[in-house]
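A.B. asks: This is the structure I have questions about; it appears just below.
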Amino acid sequence: MRLVQWRRQTFRALQVRNYRLFFVGQVISRSGWWIQMVAENWLVVDLGGSGLVLGITSALQFAPLLLFSAYAGVLVDRRDTRKLLIATQCASGLLALIIGLLALTGVVQIWMIWLAAFLLGCLNAFEIPAREAFTMELAGPAHVTNAVALNNVVRNSSRAFGPALGGWLISWAGIGACFLLNAASYAVVIAALYRLNPSALYEERAAPHRRGQLREGWRYVWRHLTLRTALLITAVAATFCTNFIVLLPLYISQTFQKDAEVYGLIMSCLGIGMLMGSLMAASWTAPTLKRVAGLALCFGLAHAVVGVAPNLVTGFLAIAIMGCASSMCLTCCAGYFQLHAGESMRGRVMALYTLA
């Protein structure tokens, strides 16, 4: 009986048909995205790219989030979020299709990958705040925090299994097939967005088109003490505690002198911890600022425990706990912003969360 109640509580947002359709589309699309990321990095290496070239590719893809996501929030508040998501998904799928065809024909070059990575980053700068804000429209206030947690379940499970599937697909069908598969996965999301029932969406009044709306978003967050505090907590936690993706390879190779196989295992351990944290957060009710602060503190303490782990076994356990804490912390932060962002300000508030 308790298991049944836990399942209903954890997956309650899936009772909403619109969110259920979008959730299924995201499961397929996020897996395709990770498959493409593995293929993209391998393609750069295959073309003779060095570590520097790989770093430039990653920078070109993620720098637009820093540059444009705040302005993207203004656009999200002004526009129909569903139509904006359809447009970004179509463009992203087209980019994947073009690079896939170039890879299959053997004419792809590094500069083409760089251009595609930058354009995809620009699209993501608009797509991510739109997707975050659209969660409220899909699930409504009663289920939005659960929907945010389930979004993280999708993100973390695809991170755990997508790269492995991508590696297998490269060896079986080639790099180009990975890009084409990702392009097809976007079609599933687009179909899900078209099948949504617009009348069942939780709609908010759109922000009027006027100058200074970006500054208005900053002022809105800064004037509200709870939102300002939550944003500062998010920024500090993300800045000092989410660098484990960079630190873990050095942690394994230099601290414990282990090889890539152990690194792969510890990344899977991290992914499992993050998945468990998402499932735990999905069973909660509405997040509070006290919970946001407490989970950020737990995230930092887990990070410190990893650093002082005396042996590899303890390190594995600490990293799983760190992954769980990070997922619960960031899920709680996102849910808090979703619930407390004012009408016609949600896009800008979620864009500032993305920026942080």
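Just remember, in the structure tokens the first chain shown is A, the second B, etc., residues are 1-based per chain, and ligands are 1-based in the order shown.
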As a ChimeraX atom specification, please: every residue in region 241-332 of chain A that DSSP puts in alpha helix (DSSP H).

C.D. replies: /A:241,244-250,260-282,289-307,312-332

A.B. asks: Taking into account only C-alpha atoms, which residue in the set A:Val305, A:Ala177, A:Met345, A:Val292 is nearest to Ala103 (chain A)?

C.D. replies: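 Ranked by minimum distance to Ala103 (chain A), first place goes to A:Ala177.
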
A.B. asks: Taking 2 positions as the minimum chain separation for residues in the same chain, which residues sit within 8 Å of Ala39 (chain A) when counting only C-alpha atoms? Answer as a ChimeraX atom specification.

C.D. replies: /A:35-37,41-43,166-167,170,175-176,178-179

A.B. asks: Please, could you write that set of residues out with all heavy atoms as a JSON list (two decimals), in the first residue's frame?

C.D. replies:
[["chain", "number", "residue", "atom", "x", "y", "z"],
["A", 35, "ILE", "N", 23.06, 11.08, -27.15],
["A", 35, "ILE", "CA", 23.68, 10.29, -28.22],
["A", 35, "ILE", "C", 24.43, 11.20, -29.18],
["A", 35, "ILE", "O", 25.55, 10.91, -29.60],
["A", 35, "ILE", "CB", 22.59, 9.48, -28.96],
["A", 35, "ILE", "CG1", 22.06, 8.36, -28.07],
["A", 35, "ILE", "CG2", 23.13, 8.90, -30.27],
["A", 35, "ILE", "CD1", 20.85, 7.65, -28.62],
["A", 36, "GLN", "N", 23.83, 12.35, -29.51],
["A", 36, "GLN", "CA", 24.49, 13.29, -30.41],
["A", 36, "GLN", "C", 25.73, 13.90, -29.77],
["A", 36, "GLN", "O", 26.75, 14.13, -30.45],
["A", 36, "GLN", "CB", 23.53, 14.40, -30.83],
["A", 36, "GLN", "CG", 24.20, 15.46, -31.73],
["A", 36, "GLN", "CD", 23.22, 16.44, -32.30],
["A", 36, "GLN", "OE1", 22.25, 16.06, -32.93],
["A", 36, "GLN", "NE2", 23.48, 17.74, -32.10],
["A", 37, "MET", "N", 25.68, 14.18, -28.46],
["A", 37, "MET", "CA", 26.84, 14.77, -27.80],
["A", 37, "MET", "C", 28.04, 13.82, -27.86],
["A", 37, "MET", "O", 29.18, 14.25, -28.13],
["A", 37, "MET", "CB", 26.51, 15.09, -26.34],
["A", 37, "MET", "CG", 25.60, 16.28, -26.13],
["A", 37, "MET", "SD", 26.25, 17.82, -26.84],
["A", 37, "MET", "CE", 25.39, 17.86, -28.41],
["A", 41, "ASN", "N", 31.53, 14.75, -30.08],
["A", 41, "ASN", "CA", 32.88, 14.74, -29.52],
["A", 41, "ASN", "C", 33.77, 13.72, -30.24],
["A", 41, "ASN", "O", 34.94, 13.98, -30.52],
["A", 41, "ASN", "CB", 32.84, 14.43, -28.03],
["A", 41, "ASN", "CG", 32.26, 15.58, -27.21],
["A", 41, "ASN", "OD1", 32.28, 16.72, -27.64],
["A", 41, "ASN", "ND2", 31.73, 15.26, -26.05],
["A", 42, "TRP", "N", 33.19, 12.55, -30.54],
["A", 42, "TRP", "CA", 33.97, 11.53, -31.23],
["A", 42, "TRP", "C", 34.30, 11.96, -32.66],
["A", 42, "TRP", "O", 35.37, 11.67, -33.18],
["A", 42, "TRP", "CB", 33.21, 10.21, -31.23],
["A", 42, "TRP", "CG", 34.08, 9.03, -31.56],
["A", 42, "TRP", "CD1", 34.16, 8.37, -32.75],
["A", 42, "TRP", "CD2", 35.02, 8.40, -30.69],
["A", 42, "TRP", "NE1", 35.09, 7.36, -32.68],
["A", 42, "TRP", "CE2", 35.62, 7.36, -31.42],
["A", 42, "TRP", "CE3", 35.40, 8.62, -29.37],
["A", 42, "TRP", "CZ2", 36.60, 6.53, -30.86],
["A", 42, "TRP", "CZ3", 36.36, 7.80, -28.81],
["A", 42, "TRP", "CH2", 36.94, 6.77, -29.56],
["A", 43, "LEU", "N", 33.36, 12.67, -33.29],
["A", 43, "LEU", "CA", 33.61, 13.17, -34.65],
["A", 43, "LEU", "C", 34.73, 14.19, -34.65],
["A", 43, "LEU", "O", 35.59, 14.19, -35.55],
["A", 43, "LEU", "CB", 32.32, 13.80, -35.20],
["A", 43, "LEU", "CG", 32.38, 14.37, -36.63],
["A", 43, "LEU", "CD1", 32.81, 13.30, -37.63],
["A", 43, "LEU", "CD2", 31.04, 14.97, -37.01],
["A", 166, "GLY", "N", 24.96, 5.80, -27.31],
["A", 166, "GLY", "CA", 25.66, 6.48, -28.39],
["A", 166, "GLY", "C", 26.95, 5.79, -28.78],
["A", 166, "GLY", "O", 27.27, 5.65, -29.97],
["A", 167, "GLY", "N", 27.72, 5.35, -27.77],
["A", 167, "GLY", "CA", 28.96, 4.63, -28.06],
["A", 167, "GLY", "C", 28.71, 3.35, -28.83],
["A", 167, "GLY", "O", 29.45, 3.01, -29.77],
["A", 170, "ILE", "N", 27.71, 4.24, -32.50],
["A", 170, "ILE", "CA", 28.85, 4.65, -33.33],
["A", 170, "ILE", "C", 29.56, 3.43, -33.89],
["A", 170, "ILE", "O", 29.90, 3.38, -35.08],
["A", 170, "ILE", "CB", 29.82, 5.52, -32.50],
["A", 170, "ILE", "CG1", 29.20, 6.89, -32.23],
["A", 170, "ILE", "CG2", 31.16, 5.69, -33.23],
["A", 170, "ILE", "CD1", 30.00, 7.75, -31.26],
["A", 175, "ILE", "N", 29.01, 7.37, -37.05],
["A", 175, "ILE", "CA", 28.74, 8.65, -36.37],
["A", 175, "ILE", "C", 27.52, 9.35, -36.96],
["A", 175, "ILE", "O", 26.67, 9.89, -36.25],
["A", 175, "ILE", "CB", 29.98, 9.56, -36.45],
["A", 175, "ILE", "CG1", 31.13, 8.96, -35.62],
["A", 175, "ILE", "CG2", 29.65, 10.97, -35.97],
["A", 175, "ILE", "CD1", 32.43, 9.71, -35.74],
["A", 176, "GLY", "N", 27.41, 9.32, -38.28],
["A", 176, "GLY", "CA", 26.30, 10.01, -38.93],
["A", 176, "GLY", "C", 24.95, 9.52, -38.46],
["A", 176, "GLY", "O", 23.99, 10.30, -38.33],
["A", 178, "CYS", "N", 24.08, 8.60, -35.55],
["A", 178, "CYS", "CA", 23.73, 9.20, -34.25],
["A", 178, "CYS", "C", 23.04, 10.54, -34.45],
["A", 178, "CYS", "O", 22.04, 10.85, -33.78],
["A", 178, "CYS", "CB", 24.98, 9.37, -33.40],
["A", 178, "CYS", "SG", 25.78, 7.82, -32.91],
["A", 179, "PHE", "N", 23.56, 11.36, -35.36],
["A", 179, "PHE", "CA", 22.95, 12.66, -35.63],
["A", 179, "PHE", "C", 21.57, 12.49, -36.26],
["A", 179, "PHE", "O", 20.62, 13.22, -35.92],
["A", 179, "PHE", "CB", 23.85, 13.47, -36.56],
["A", 179, "PHE", "CG", 25.08, 14.02, -35.89],
["A", 179, "PHE", "CD1", 26.27, 13.31, -35.89],
["A", 179, "PHE", "CD2", 25.06, 15.26, -35.27],
["A", 179, "PHE", "CE1", 27.40, 13.81, -35.28],
["A", 179, "PHE", "CE2", 26.19, 15.77, -34.65],
["A", 179, "PHE", "CZ", 27.36, 15.04, -34.65]]

A.B. asks: Extract, using only C-alpha atoms, all DNA, RNA and protein residues at most 10 Å from Ala238 (chain A), discarding same-chain residues fewer than 5 positions from it, and format them as a ChimeraX atom specification.

C.D. replies: /A:232-233,243,296,299,326,329-330,356

A.B. asks: So which residues touch Ile98 (chain A) within 12 Å, counting only C-alpha atoms, skipping near sequence neighbours fewer than 2 positions away, as a PyMOL selection string?

C.D. replies: chain A and resi 91-96+100-105+107-108+112-113+115-116+176-177+179-180+182-183

A.B. asks: How would the residues just picked look written out with C-alpha atoms as a short mmCIF file (atom, residue, chain, number, x, y, z; two decimals), in the first residue's frame?

C.D. replies:
data_model
loop_
_atom_site.label_atom_id
_atom_site.label_comp_id
_atom_site.auth_asym_id
_atom_site.auth_seq_id
_atom_site.Cartn_x
_atom_site.Cartn_y
_atom_site.Cartn_z
CA ALA A 91 15.53 24.26 -36.08
CA SER A 92 17.52 21.96 -33.74
CA GLY A 93 16.35 18.88 -35.61
CA LEU A 94 17.35 20.48 -38.91
CA LEU A 95 20.87 21.17 -37.60
CA ALA A 96 21.23 17.54 -36.48
CA GLY A 100 24.40 13.81 -39.95
CA LEU A 101 24.23 13.97 -43.74
CA LEU A 102 27.60 15.76 -43.92
CA ALA A 103 29.13 13.04 -41.72
CA LEU A 104 27.63 10.25 -43.81
CA THR A 105 28.96 11.76 -47.05
CA VAL A 107 32.60 16.07 -46.29
CA VAL A 108 32.17 17.36 -42.74
CA MET A 112 31.05 23.07 -39.79
CA ILE A 113 30.78 21.39 -36.39
CA LEU A 115 29.06 26.57 -36.60
CA ALA A 116 26.42 23.95 -35.82
CA GLY A 176 26.30 10.01 -38.93
CA ALA A 177 23.57 7.66 -37.74
CA PHE A 179 22.95 12.66 -35.63
CA LEU A 180 20.14 11.30 -37.80
CA ASN A 182 18.69 12.65 -32.80
CA ALA A 183 17.03 14.53 -35.68
#

A.B. asks: Find the residues around region 120-137 of chain A up to 9 Å (only C-alpha atoms counted), leave out those fewer than 4 positions away in its own chain, and share them as an MDAnalysis selection string.

C.D. replies: chainID A and resid 19 60:73 75:77 81:82 84:85 88:89 91:92 95 115:116 141 143:145 147:148 151 200:204 334 338:339 346:354

A.B. asks: What would the file look like if the residues just selected were written as a compact mmCIF listing (two decimals), in the first residue's frame with N, CA and C atoms?

C.D. replies:
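Resulting contents of result10.txt:
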# COMPACT_ATOMS: atom_id res chain seq x y z
N TYR A 19 0.90 17.10 -19.91
CA TYR A 19 2.25 16.87 -19.41
C TYR A 19 2.73 15.48 -19.76
N LEU A 60 31.57 26.93 -27.64
CA LEU A 60 30.68 27.52 -28.64
C LEU A 60 29.24 27.09 -28.41
N GLN A 61 29.05 25.90 -27.89
CA GLN A 61 27.70 25.40 -27.68
C GLN A 61 27.05 25.97 -26.43
N PHE A 62 27.84 26.24 -25.39
CA PHE A 62 27.25 26.65 -24.12
C PHE A 62 27.40 28.14 -23.83
N ALA A 63 28.30 28.84 -24.52
CA ALA A 63 28.44 30.28 -24.29
C ALA A 63 27.16 31.06 -24.59
N PRO A 64 26.39 30.72 -25.65
CA PRO A 64 25.15 31.47 -25.89
C PRO A 64 24.17 31.43 -24.74
N LEU A 65 24.20 30.39 -23.91
CA LEU A 65 23.32 30.36 -22.73
C LEU A 65 23.64 31.51 -21.79
N LEU A 66 24.92 31.79 -21.64
CA LEU A 66 25.34 32.89 -20.78
C LEU A 66 25.01 34.24 -21.40
N LEU A 67 25.12 34.32 -22.72
CA LEU A 67 24.96 35.59 -23.41
C LEU A 67 23.51 35.97 -23.64
N PHE A 68 22.67 34.98 -23.96
CA PHE A 68 21.34 35.30 -24.47
C PHE A 68 20.17 34.83 -23.61
N SER A 69 20.42 33.99 -22.58
CA SER A 69 19.29 33.39 -21.87
C SER A 69 18.44 34.43 -21.13
N ALA A 70 19.07 35.50 -20.61
CA ALA A 70 18.30 36.53 -19.90
C ALA A 70 17.33 37.22 -20.86
N TYR A 71 17.81 37.59 -22.07
CA TYR A 71 16.92 38.20 -23.06
C TYR A 71 15.87 37.21 -23.52
N ALA A 72 16.25 35.92 -23.60
CA ALA A 72 15.29 34.91 -24.03
C ALA A 72 14.09 34.87 -23.09
N GLY A 73 14.32 35.13 -21.80
CA GLY A 73 13.21 35.15 -20.86
C GLY A 73 12.18 36.22 -21.20
N LEU A 75 11.50 37.25 -24.24
CA LEU A 75 10.77 36.73 -25.40
C LEU A 75 9.74 35.68 -24.98
N VAL A 76 10.12 34.85 -24.02
CA VAL A 76 9.20 33.81 -23.54
C VAL A 76 7.96 34.44 -22.92
N ASP A 77 8.12 35.52 -22.16
CA ASP A 77 6.98 36.18 -21.53
C ASP A 77 6.08 36.88 -22.55
N THR A 81 4.44 30.24 -25.72
CA THR A 81 5.57 29.36 -25.39
C THR A 81 5.55 28.09 -26.23
N ARG A 82 4.37 27.54 -26.46
CA ARG A 82 4.26 26.30 -27.25
C ARG A 82 4.78 26.51 -28.67
N LEU A 84 6.90 28.81 -29.63
CA LEU A 84 8.34 29.05 -29.55
C LEU A 84 9.10 27.73 -29.44
N LEU A 85 8.57 26.80 -28.64
CA LEU A 85 9.21 25.49 -28.50
C LEU A 85 9.17 24.71 -29.80
N THR A 88 11.95 26.15 -32.05
CA THR A 88 13.31 25.79 -31.66
C THR A 88 13.58 24.31 -31.90
N GLN A 89 12.57 23.45 -31.68
CA GLN A 89 12.76 22.02 -31.92
C GLN A 89 12.95 21.73 -33.41
N ALA A 91 14.21 23.77 -35.67
CA ALA A 91 15.53 24.26 -36.08
C ALA A 91 16.64 23.34 -35.55
N SER A 92 16.51 22.87 -34.31
CA SER A 92 17.52 21.96 -33.74
C SER A 92 17.57 20.65 -34.49
N LEU A 95 19.42 21.14 -37.78
CA LEU A 95 20.87 21.17 -37.60
C LEU A 95 21.44 19.76 -37.45
N LEU A 115 30.21 25.73 -36.24
CA LEU A 115 29.06 26.57 -36.60
C LEU A 115 27.77 25.94 -36.09
N ALA A 116 27.63 24.64 -36.28
CA ALA A 116 26.42 23.95 -35.82
C ALA A 116 26.31 24.01 -34.29
N PRO A 141 -0.37 24.83 -11.31
CA PRO A 141 0.25 25.07 -10.00
C PRO A 141 0.22 23.85 -9.08
N HIS A 143 0.66 20.71 -9.71
CA HIS A 143 1.60 19.63 -10.02
C HIS A 143 2.95 20.14 -10.54
N VAL A 144 3.18 21.44 -10.52
CA VAL A 144 4.37 21.97 -11.20
C VAL A 144 5.66 21.51 -10.53
N THR A 145 5.70 21.46 -9.20
CA THR A 145 6.95 21.04 -8.56
C THR A 145 7.24 19.58 -8.85
N ALA A 147 6.28 18.05 -11.60
CA ALA A 147 6.67 18.02 -13.00
C ALA A 147 8.13 18.43 -13.18
N VAL A 148 8.58 19.44 -12.41
CA VAL A 148 9.99 19.85 -12.47
C VAL A 148 10.89 18.69 -12.06
N ASN A 151 10.99 16.13 -14.77
CA ASN A 151 11.88 16.60 -15.85
C ASN A 151 13.33 16.25 -15.53
N ALA A 200 -6.56 23.03 -22.32
CA ALA A 200 -6.22 22.48 -21.01
C ALA A 200 -4.94 23.06 -20.43
N LEU A 201 -4.26 23.93 -21.18
CA LEU A 201 -3.04 24.54 -20.69
C LEU A 201 -3.37 25.60 -19.65
N TYR A 202 -2.50 25.71 -18.65
CA TYR A 202 -2.65 26.75 -17.63
C TYR A 202 -2.01 28.01 -18.19
N GLU A 203 -2.83 28.88 -18.73
CA GLU A 203 -2.32 30.06 -19.42
C GLU A 203 -2.22 31.24 -18.48
N GLU A 204 -1.16 32.03 -18.70
CA GLU A 204 -0.98 33.26 -17.95
C GLU A 204 -1.01 34.43 -18.91
N ALA A 334 14.45 25.04 -8.72
CA ALA A 334 13.63 25.28 -9.91
C ALA A 334 12.15 25.29 -9.56
N GLN A 338 9.38 28.34 -9.99
CA GLN A 338 8.15 28.12 -10.75
C GLN A 338 6.93 28.57 -9.96
N LEU A 339 6.90 28.24 -8.67
CA LEU A 339 5.73 28.55 -7.85
C LEU A 339 5.62 30.03 -7.49
N ARG A 346 7.19 34.78 -15.49
CA ARG A 346 7.78 33.46 -15.30
C ARG A 346 8.95 33.21 -16.25
N GLY A 347 8.82 33.62 -17.51
CA GLY A 347 9.89 33.40 -18.47
C GLY A 347 11.18 34.08 -18.05
N ARG A 348 11.07 35.33 -17.60
CA ARG A 348 12.27 36.06 -17.18
C ARG A 348 12.86 35.50 -15.90
N VAL A 349 12.00 35.09 -14.95
CA VAL A 349 12.51 34.51 -13.71
C VAL A 349 13.23 33.19 -13.99
N MET A 350 12.64 32.32 -14.83
CA MET A 350 13.28 31.05 -15.13
C MET A 350 14.54 31.25 -15.98
N ALA A 351 14.57 32.31 -16.78
CA ALA A 351 15.79 32.60 -17.54
C ALA A 351 16.92 33.01 -16.59
N LEU A 352 16.61 33.79 -15.56
CA LEU A 352 17.62 34.17 -14.58
C LEU A 352 18.09 32.95 -13.77
N TYR A 353 17.16 32.02 -13.51
CA TYR A 353 17.54 30.77 -12.86
C TYR A 353 18.52 29.98 -13.76
N THR A 354 18.19 29.90 -15.05
CA THR A 354 19.07 29.23 -16.01
C THR A 354 20.43 29.91 -16.06
